[in-house]
file query.cif (mmCIF, C-alpha atoms)
data_structure
#
loop_
_atom_site.label_atom_id
_atom_site.label_comp_id
_atom_site.auth_asym_id
_atom_site.auth_seq_id
_atom_site.Cartn_x
_atom_site.Cartn_y
_atom_site.Cartn_z
CA VAL D 254 9.82 27.35 11.73
CA ARG D 255 7.75 28.75 14.58
CA SER D 256 6.95 26.68 17.66
CA SER D 257 3.19 26.54 18.30
CA ALA D 258 1.82 26.99 21.80
CA ALA D 259 1.28 23.85 23.83
CA SER D 260 -2.43 24.50 23.96
CA ASP D 261 -2.58 24.63 20.18
CA VAL D 262 -0.70 21.35 19.90
CA TYR D 263 -2.98 19.57 22.31
CA LYS D 264 -6.01 21.08 20.68
CA ARG D 265 -4.87 19.56 17.43
CA GLN D 266 -3.99 16.40 19.25
CA GLY D 267 -7.51 15.96 20.51
CA ILE D 268 -7.08 13.10 18.06
CA ASN D 269 -6.19 10.78 20.94
CA ALA D 270 -9.62 11.10 22.54
CA GLU D 271 -11.48 11.41 19.26
CA TYR D 272 -9.51 8.60 17.65
CA GLY D 273 -10.37 6.29 20.53
CA ALA D 274 -14.08 6.86 20.02
CA VAL D 275 -13.82 6.62 16.22
CA ARG D 276 -11.64 3.53 16.45
CA ASN D 277 -14.02 1.70 18.75
CA GLN D 278 -17.05 2.62 16.70
CA LEU D 279 -15.56 1.77 13.30
CA HIS D 280 -13.71 -1.33 14.45
CA GLY D 281 -16.94 -2.66 15.93
CA ARG D 282 -18.74 -2.04 12.65
CA ILE D 283 -16.11 -3.93 10.69
CA ARG D 284 -16.34 -6.88 13.06
CA MET D 285 -20.12 -6.99 12.78
CA ASN D 286 -20.05 -6.75 9.00
CA SER D 287 -17.20 -9.20 8.40
CA ASP D 288 -17.44 -12.96 8.14
CA SER D 289 -14.29 -14.09 9.94
CA SER D 290 -14.74 -17.58 8.48
CA LEU D 291 -13.90 -16.22 5.02
CA LYS D 292 -10.21 -15.56 4.50
CA LYS D 293 -9.37 -12.14 3.08
CA ALA D 294 -6.17 -11.12 1.39
CA LEU D 295 -6.29 -7.66 3.00
CA ARG D 296 -7.86 -6.50 6.24
CA LEU D 297 -8.06 -2.96 7.58
CA ASP D 298 -6.06 -2.85 10.81
CA GLU D 299 -7.26 -0.96 13.87
CA PHE D 300 -4.18 1.30 13.72
CA CYS D 301 -5.32 2.58 10.32
CA MET D 302 -8.75 3.60 11.68
CA ARG D 303 -7.31 6.93 12.84
CA GLN D 304 -7.20 8.05 9.21
CA TRP D 305 -11.00 8.42 9.27
CA SER D 306 -10.73 10.93 12.13
CA GLU D 307 -11.32 14.61 11.29
CA THR D 308 -8.24 15.59 13.31
CA TYR D 309 -5.88 13.09 11.69
CA ALA D 310 -2.54 14.58 10.61
CA GLY D 311 -1.74 13.19 7.18
CA SER D 312 -3.80 11.40 4.54
CA ARG D 313 -7.32 11.62 5.94
CA ILE D 314 -9.82 9.27 4.28
CA SER D 315 -13.38 10.45 3.69
CA GLY D 316 -16.31 9.78 1.39
CA ILE D 317 -16.09 6.04 1.97
CA THR D 318 -16.62 3.80 4.98
CA PRO D 319 -13.83 1.56 6.30
CA GLU D 320 -15.83 -1.49 5.20
CA GLU D 321 -16.20 -0.13 1.66
CA PHE D 322 -12.52 0.78 1.49
CA GLU D 323 -11.44 -2.68 2.61
CA ARG D 324 -13.83 -4.31 0.12
CA LYS D 325 -12.57 -2.15 -2.77
CA LEU D 326 -8.92 -2.93 -2.06
CA ASN D 327 -9.63 -6.64 -1.94
CA GLU D 328 -11.30 -6.33 -5.34
CA LEU D 329 -8.23 -4.56 -6.75
CA TYR D 330 -5.69 -6.83 -5.06
CA SER D 331 -3.52 -9.45 -6.67
CA PRO D 332 -0.21 -10.82 -5.33
CA GLU D 333 1.60 -9.37 -8.34
CA LEU D 334 0.89 -5.86 -7.02
CA LEU D 335 2.96 -6.39 -3.86
CA LYS D 336 6.11 -4.26 -3.64
CA GLU D 337 8.87 -4.79 -1.10
CA GLY D 338 8.86 -2.63 2.03
CA TYR D 339 11.52 -1.79 4.60
CA ALA D 340 11.32 -5.26 6.20
CA PRO D 341 10.21 -8.76 5.11
CA PHE D 342 6.85 -8.36 6.90
CA CYS D 343 6.11 -5.03 5.15
CA LYS D 344 4.73 -4.66 1.63
CA HIS D 345 3.19 -1.88 -0.44
CA ILE D 346 0.55 -1.78 -3.12
CA PHE D 347 0.07 1.34 -5.22
CA VAL D 348 -3.37 2.01 -6.65
CA LYS D 349 -4.80 4.97 -8.51
CA ASN D 350 -6.73 7.30 -6.25
CA PHE D 351 -10.30 5.99 -6.53
CA LEU D 352 -11.55 8.33 -3.78
CA GLY D 353 -11.66 11.48 -5.88
CA ASP D 354 -10.99 15.03 -4.74
CA SER D 355 -11.76 14.17 -1.11
CA VAL D 356 -8.25 12.75 -0.74
CA GLN D 357 -5.53 15.33 -1.29
CA VAL D 358 -1.74 14.98 -1.22
CA SER D 359 -0.48 14.78 2.34
CA THR D 360 2.90 16.51 1.94
CA LEU D 361 4.24 19.64 0.28
CA PRO D 362 7.74 20.78 -0.69
CA ILE D 363 9.14 23.48 1.57
CA THR D 364 9.87 26.65 -0.40
CA SER D 365 10.88 30.23 0.34
CA GLU D 366 7.25 31.20 -0.26
CA ASN D 367 5.71 28.82 2.29
CA SER D 368 8.40 28.10 4.90
CA HIS D 369 7.02 30.81 7.18
CA LEU D 370 3.80 28.77 7.49
CA LEU D 371 5.49 25.78 9.12
CA CYS D 372 4.45 24.90 12.66
CA SER D 373 6.16 22.58 15.12
CA GLY D 374 5.14 20.77 18.28
CA TYR D 375 5.21 17.51 20.19
CA GLN D 376 2.65 14.98 19.00
CA SER D 377 1.91 11.27 19.35
CA ARG D 378 0.14 8.98 16.90
CA ARG D 379 -1.85 7.33 19.70
CA SER D 380 -2.15 7.64 23.45
CA GLU D 381 0.10 4.64 24.17
CA GLU D 382 3.09 6.29 22.44
CA LEU D 383 5.36 9.07 23.68
CA PRO D 384 4.98 12.44 21.89
CA VAL D 385 7.79 13.36 19.50
CA LEU D 386 8.79 16.64 17.87
CA THR D 387 7.33 17.14 14.41
CA ARG D 388 6.49 19.95 12.00
CA TRP D 389 3.66 20.54 9.59
CA PHE D 390 1.85 22.87 7.25
CA PRO D 391 -1.60 23.91 8.60
CA LYS D 392 -4.08 22.57 6.03
CA GLU D 393 -6.13 25.76 6.11
CA LYS D 394 -3.12 27.85 5.02
CA VAL D 395 -1.81 25.92 2.01
CA LEU D 396 -3.14 24.90 -1.38
CA THR D 397 -3.25 21.19 -2.16
CA HIS D 398 -4.52 19.04 -4.99
CA ARG D 399 -6.02 15.63 -5.56
CA ALA D 400 -3.51 12.83 -5.04
CA LEU D 401 -2.81 10.63 -8.05
CA PHE D 402 -2.05 7.46 -6.10
CA LEU D 403 -2.63 5.72 -2.79
CA ASP D 404 0.35 3.98 -1.23
CA VAL D 405 -1.29 1.24 0.83
CA ILE D 406 1.17 -0.02 3.44
CA LEU D 407 0.72 -3.62 4.58
CA TYR D 408 2.05 -5.65 7.50
CA SER D 409 1.83 -9.42 7.73
CA ARG D 410 -0.86 -10.79 10.03
CA GLU D 411 1.85 -12.22 12.30
CA GLN D 412 3.56 -8.83 12.68
CA VAL D 413 0.26 -7.08 13.43
CA ILE D 414 -0.48 -9.55 16.22
CA LYS D 415 3.03 -9.21 17.70
CA GLU D 416 2.89 -5.40 17.77
CA ASN D 417 -0.60 -5.32 19.26
CA GLU D 418 0.44 -7.68 22.03
CA ALA D 419 3.60 -5.67 22.76
CA MET D 420 1.52 -2.47 23.11
CA GLY D 421 -0.86 -4.15 25.54
CA ASN D 422 -3.63 -4.52 22.95
CA PRO D 423 -3.83 -8.26 22.26
CA THR D 424 -5.82 -9.06 19.16
CA ALA D 425 -9.31 -10.12 20.19
CA ASP D 426 -10.44 -10.77 16.64
CA HIS D 427 -8.55 -13.68 15.08
CA ALA D 428 -9.98 -13.35 11.58
CA ASP D 429 -7.95 -15.05 8.89
CA TYR D 430 -6.19 -12.74 6.41
CA ASP D 431 -2.81 -12.37 4.70
CA TRP D 432 -1.98 -8.69 5.12
CA GLY D 433 -3.14 -5.97 7.50
CA ILE D 434 -3.62 -2.47 6.06
CA ILE D 435 -1.76 -0.31 8.57
CA SER D 436 -1.47 3.01 6.70
CA ILE D 437 -2.63 4.82 3.55
CA LYS D 438 -0.56 7.61 2.01
CA ALA D 439 -2.05 9.92 -0.59
CA GLN D 440 0.66 11.02 -3.01
CA ASP D 441 1.52 11.69 -6.64
CA GLU D 442 4.32 9.14 -6.83
CA GLU D 443 3.82 5.48 -7.69
CA PHE D 444 6.66 4.43 -5.42
CA GLU D 445 7.47 4.49 -1.72
CA LEU D 446 8.48 7.84 -0.26
CA PRO D 447 10.95 7.84 2.65
CA MET D 448 9.37 7.36 6.05
CA SER D 449 10.07 10.12 8.55
CA PRO D 450 13.35 9.91 10.48
CA MET D 451 11.34 9.77 13.73
CA THR D 452 9.42 6.74 12.48
CA ILE D 453 12.69 5.01 11.70
CA LEU D 454 13.95 5.78 15.21
CA ARG D 455 10.68 4.63 16.81
CA ASN D 456 10.85 1.35 14.88
CA SER D 457 14.33 0.74 16.25
CA LEU D 458 13.09 1.24 19.84
CA GLY D 459 10.96 -1.88 19.59
CA LYS D 460 7.35 -2.95 19.66
CA GLU D 461 6.79 -1.79 23.25
CA GLU D 462 7.30 1.83 22.11
CA GLY D 463 5.01 1.55 19.09
CA GLY D 464 7.74 0.52 16.65
CA SER D 465 8.33 -2.62 14.65
CA GLY D 466 11.67 -3.63 16.18
CA VAL D 467 13.63 -3.18 12.94
CA PRO D 468 17.14 -1.74 13.56
CA ILE D 469 18.14 1.54 11.93
CA ASP D 470 19.50 1.28 8.40
CA ARG D 471 21.85 4.26 8.21
CA GLU D 472 21.53 4.71 4.46
CA SER D 473 17.72 4.72 4.65
CA TYR D 474 17.87 7.16 7.55
CA ARG D 475 20.07 9.60 5.59
CA LYS D 476 17.66 9.41 2.63
CA ALA D 477 14.78 10.12 4.99
CA VAL D 478 16.57 13.17 6.42
CA GLU D 479 17.29 14.46 2.93
CA TYR D 480 13.64 14.13 1.87
CA TRP D 481 12.04 15.50 5.04
CA SER D 482 14.46 18.42 5.17
CA LYS D 483 12.74 19.59 1.99
CA ASN D 484 9.16 18.44 2.60
CA ALA D 485 6.57 18.55 5.39
CA ILE D 486 3.22 16.94 6.11
CA ILE D 487 -0.09 18.79 5.92
CA GLN D 488 -2.47 18.65 8.89
#

call {"tool": "encode", "arguments": {"input": "query.cif", "output": "structure tokens"}}
result
Amino acid sequence: VRSSAASDVYKRQGINAEYGAVRNQLHGRIRMNSDSSLKKALRLDEFCMRQWSETYAGSRISGITPEEFERKLNELYSPELLKEGYAPFCKHIFVKNFLGDSVQVSTLPITSENSHLLCSGYQSRRSEELPVLTRWFPKEKVLTHRALFLDVILYSREQVIKENEAMGNPTADHADYDWGIISIKAQDEEFELPMSPMTILRNSLGKEEGGSGVPIDRESYRKAVEYWSKNAIIQ
């Protein structure tokens, strides 16, 4: 694994500035086009808006607006689709990829043929969080394919509000909904893949550091290390 230059990392991480602009623009559009008096089962959370950014590292969403995506998921949703997540406030729903070829798988297995392409650097998901060491395949150097499924990760409305307040972003919009859509993972599996070890560690640090406050489960952490030792994200 080669370590990329700091300038290259921060070039890629122009996401913080771009994400802020995209987030404000798209979040405002959702507010204007939503009727907060009508309760929704699912609501696209502000944290998930970054996946519409061109510089997002992971499952970037394109070819559909945030409003259209939220509407489609609510059409597909039923409580029977909910799968247990890593904590009581976290659920998953798995839907077939209805976005077409625009949404490709977001991870690849590491092999002897592609390991030399891996890059590493310090990155943060948003400006309020501390950068952490990560590694990735540059999207322009690897072949991908259309994802079969979307793993839609949900947090309860109460958890979303708690985390926003802890990060200094109190929820201004108190629309009524059951679950906030906090992340979308494009993948071929119809089951939850291990979260990254760093995400597990961040969660254990608490809400003030961008985590959920859930303590480390050692067995889950070991499974995460096993998976991410053999796989890497594409960005």

call {"tool": "atom_distance", "arguments": {"input": "query.cif", "atom1": "CA of Phe342 (chain D)", "atom2": "CA of Asn456 (chain D)"}}
result
13.2 Å

call {"tool": "closest_residue", "arguments": {"input": "query.cif", "among": "D:Glu366, D:Leu295, D:Met302, D:Lys349", "to": "Glu328 (chain D)", "atoms": "all atoms listed in the file"}}
result
D:Leu295

call {"tool": "resolve_selection", "arguments": {"input": "query.cif", "expression": "the PyMOL selection byres ((chain D and resi 324) around 12)", "output": "list in words"}}
result
Ile283, Asn286, Ser287, Lys293, Ala294, Leu295, Arg296, Leu297, Ile317, Thr318, Pro319, Glu320, Glu321, Phe322, Glu323, Lys325, Leu326, Asn327, Glu328, Leu329, Tyr330 and Ile434 of chain D

call {"tool": "resolve_selection", "arguments": {"input": "query.cif", "expression": "the PyMOL selection byres ((chain D and resi 410-424) around 9)", "output": "list in words"}}
result
Asp298, Phe342, Cys343, Glu381, Glu382, Tyr408, Ser409, Ala425, Asp426, His427, Asp429, Tyr430, Asp431, Trp432, Gly433, Ile435, Gly459, Lys460, Glu461, Glu462, Gly463, Gly464 and Ser465 of chain D

call {"tool": "atom_distance", "arguments": {"input": "query.cif", "atom1": "CA of Trp305 (chain D)", "atom2": "CA of His369 (chain D)"}}
result
28.8 Å

call {"tool": "resolve_selection", "arguments": {"input": "query.cif", "expression": "the PyMOL selection byres ((chain D and resi 354) around 12)", "output": "mmCIF file with C-alpha atoms, in the frame of the given file"}}
result
data_model
loop_
_atom_site.group_PDB
_atom_site.id
_atom_site.type_symbol
_atom_site.label_atom_id
_atom_site.label_comp_id
_atom_site.auth_asym_id
_atom_site.auth_seq_id
_atom_site.Cartn_x
_atom_site.Cartn_y
_atom_site.Cartn_z
ATOM 1 C CA ARG D 313 -7.320 11.620 5.940
ATOM 2 C CA ILE D 314 -9.820 9.270 4.280
ATOM 3 C CA SER D 315 -13.380 10.450 3.690
ATOM 4 C CA GLY D 316 -16.310 9.780 1.390
ATOM 5 C CA ASN D 350 -6.730 7.300 -6.250
ATOM 6 C CA PHE D 351 -10.300 5.990 -6.530
ATOM 7 C CA LEU D 352 -11.550 8.330 -3.780
ATOM 8 C CA GLY D 353 -11.660 11.480 -5.880
ATOM 9 C CA SER D 355 -11.760 14.170 -1.110
ATOM 10 C CA VAL D 356 -8.250 12.750 -0.740
ATOM 11 C CA GLN D 357 -5.530 15.330 -1.290
ATOM 12 C CA VAL D 358 -1.740 14.980 -1.220
ATOM 13 C CA THR D 397 -3.250 21.190 -2.160
ATOM 14 C CA HIS D 398 -4.520 19.040 -4.990
ATOM 15 C CA ARG D 399 -6.020 15.630 -5.560
ATOM 16 C CA ALA D 400 -3.510 12.830 -5.040
ATOM 17 C CA LEU D 401 -2.810 10.630 -8.050
ATOM 18 C CA PHE D 402 -2.050 7.460 -6.100
ATOM 19 C CA ALA D 439 -2.050 9.920 -0.590
#

call {"tool": "atom_distance", "arguments": {"input": "query.cif", "atom1": "CA of Ile406 (chain D)", "atom2": "CA of Ile346 (chain D)"}}
result
6.8 Å

call {"tool": "closest_residue", "arguments": {"input": "query.cif", "among": "D:Gln488, D:Pro391, D:Ser359, D:Pro450", "to": "Lys476 (chain D)", "atoms": "only C-alpha atoms"}}
result
D:Pro450

call {"tool": "residues_around", "arguments": {"input": "query.cif", "residues": "Ser473 (chain D)", "least_positions_apart": "3", "cutoff": "12 Å", "atoms": "only C-alpha atoms", "output": "list in words"}}
result
Gly338, Tyr339, Ala340, Leu446, Pro447, Met448, Ser449, Pro450, Thr452, Ile453, Leu454, Pro468, Ile469, Asp470, Lys476, Ala477, Val478, Glu479 and Tyr480 of chain D

call {"tool": "write_last_selection", "arguments": {"input": "query.cif", "atoms": "C-alpha atoms", "output": "short mmCIF file (atom, residue, chain, number, x, y, z; two decimals), in the coordinates of the input"}}
result
data_model
loop_
_atom_site.label_atom_id
_atom_site.label_comp_id
_atom_site.auth_asym_id
_atom_site.auth_seq_id
_atom_site.Cartn_x
_atom_site.Cartn_y
_atom_site.Cartn_z
CA GLY D 338 8.86 -2.63 2.03
CA TYR D 339 11.52 -1.79 4.60
CA ALA D 340 11.32 -5.26 6.20
CA LEU D 446 8.48 7.84 -0.26
CA PRO D 447 10.95 7.84 2.65
CA MET D 448 9.37 7.36 6.05
CA SER D 449 10.07 10.12 8.55
CA PRO D 450 13.35 9.91 10.48
CA THR D 452 9.42 6.74 12.48
CA ILE D 453 12.69 5.01 11.70
CA LEU D 454 13.95 5.78 15.21
CA PRO D 468 17.14 -1.74 13.56
CA ILE D 469 18.14 1.54 11.93
CA ASP D 470 19.50 1.28 8.40
CA LYS D 476 17.66 9.41 2.63
CA ALA D 477 14.78 10.12 4.99
CA VAL D 478 16.57 13.17 6.42
CA GLU D 479 17.29 14.46 2.93
CA TYR D 480 13.64 14.13 1.87
#

call {"tool": "closest_residue", "arguments": {"input": "query.cif", "among": "D:Ser377, D:Ser365, D:Thr360, D:Glu445", "to": "Ser312 (chain D)", "atoms": "only C-alpha atoms"}}
result
D:Thr360

call {"tool": "closest_residue", "arguments": {"input": "query.cif", "among": "D:Val467, D:Ile487, D:Cys372, D:Lys392", "to": "Arg455 (chain D)", "atoms": "all atoms listed in the file"}}
result
D:Val467

call {"tool": "closest_residue", "arguments": {"input": "query.cif", "among": "D:Val385, D:Ala428, D:Ala485, D:Val348", "to": "Ser331 (chain D)", "atoms": "all atoms listed in the file"}}
result
D:Val348

call {"tool": "build_atoms", "arguments": {"input": "query.cif", "residues": "region 400-412 of chain D", "atoms": "N, CA, C and O atoms", "output": "CSV table (one decimal), in the coordinates of the input"}}
result
chain,number,residue,atom,x,y,z
D,400,ALA,N,-4.6,13.8,-4.9
D,400,ALA,CA,-3.5,12.8,-5.0
D,400,ALA,C,-3.8,11.9,-6.2
D,400,ALA,O,-4.9,11.5,-6.5
D,401,LEU,N,-2.7,11.5,-6.9
D,401,LEU,CA,-2.8,10.6,-8.0
D,401,LEU,C,-2.9,9.2,-7.6
D,401,LEU,O,-3.6,8.4,-8.2
D,402,PHE,N,-2.1,8.9,-6.5
D,402,PHE,CA,-2.0,7.5,-6.1
D,402,PHE,C,-2.3,7.3,-4.6
D,402,PHE,O,-2.1,8.3,-3.8
D,403,LEU,N,-2.6,6.1,-4.2
D,403,LEU,CA,-2.6,5.7,-2.8
D,403,LEU,C,-1.6,4.7,-2.6
D,403,LEU,O,-1.5,3.6,-3.3
D,404,ASP,N,-0.6,5.0,-1.7
D,404,ASP,CA,0.4,4.0,-1.2
D,404,ASP,C,-0.3,3.3,0.0
D,404,ASP,O,-0.4,3.8,1.1
D,405,VAL,N,-0.7,2.0,-0.2
D,405,VAL,CA,-1.3,1.2,0.8
D,405,VAL,C,-0.2,0.4,1.5
D,405,VAL,O,0.4,-0.5,0.8
D,406,ILE,N,0.1,0.7,2.8
D,406,ILE,CA,1.2,0.0,3.4
D,406,ILE,C,0.6,-1.2,4.2
D,406,ILE,O,-0.4,-1.1,5.0
D,407,LEU,N,1.2,-2.4,4.0
D,407,LEU,CA,0.7,-3.6,4.6
D,407,LEU,C,1.7,-4.2,5.5
D,407,LEU,O,3.0,-4.2,5.3
D,408,TYR,N,1.2,-4.8,6.6
D,408,TYR,CA,2.0,-5.6,7.5
D,408,TYR,C,1.5,-7.1,7.5
D,408,TYR,O,0.2,-7.2,7.4
D,409,SER,N,2.3,-8.0,7.6
D,409,SER,CA,1.8,-9.4,7.7
D,409,SER,C,0.9,-9.6,9.0
D,409,SER,O,1.1,-8.8,10.0
D,410,ARG,N,0.0,-10.5,8.9
D,410,ARG,CA,-0.9,-10.8,10.0
D,410,ARG,C,-0.1,-11.1,11.3
D,410,ARG,O,-0.4,-10.6,12.4
D,411,GLU,N,1.0,-11.8,11.2
D,411,GLU,CA,1.8,-12.2,12.3
D,411,GLU,C,2.5,-11.0,12.9
D,411,GLU,O,2.5,-10.9,14.2
D,412,GLN,N,3.0,-10.0,12.1
D,412,GLN,CA,3.6,-8.8,12.7
D,412,GLN,C,2.5,-8.0,13.4
D,412,GLN,O,2.8,-7.4,14.4
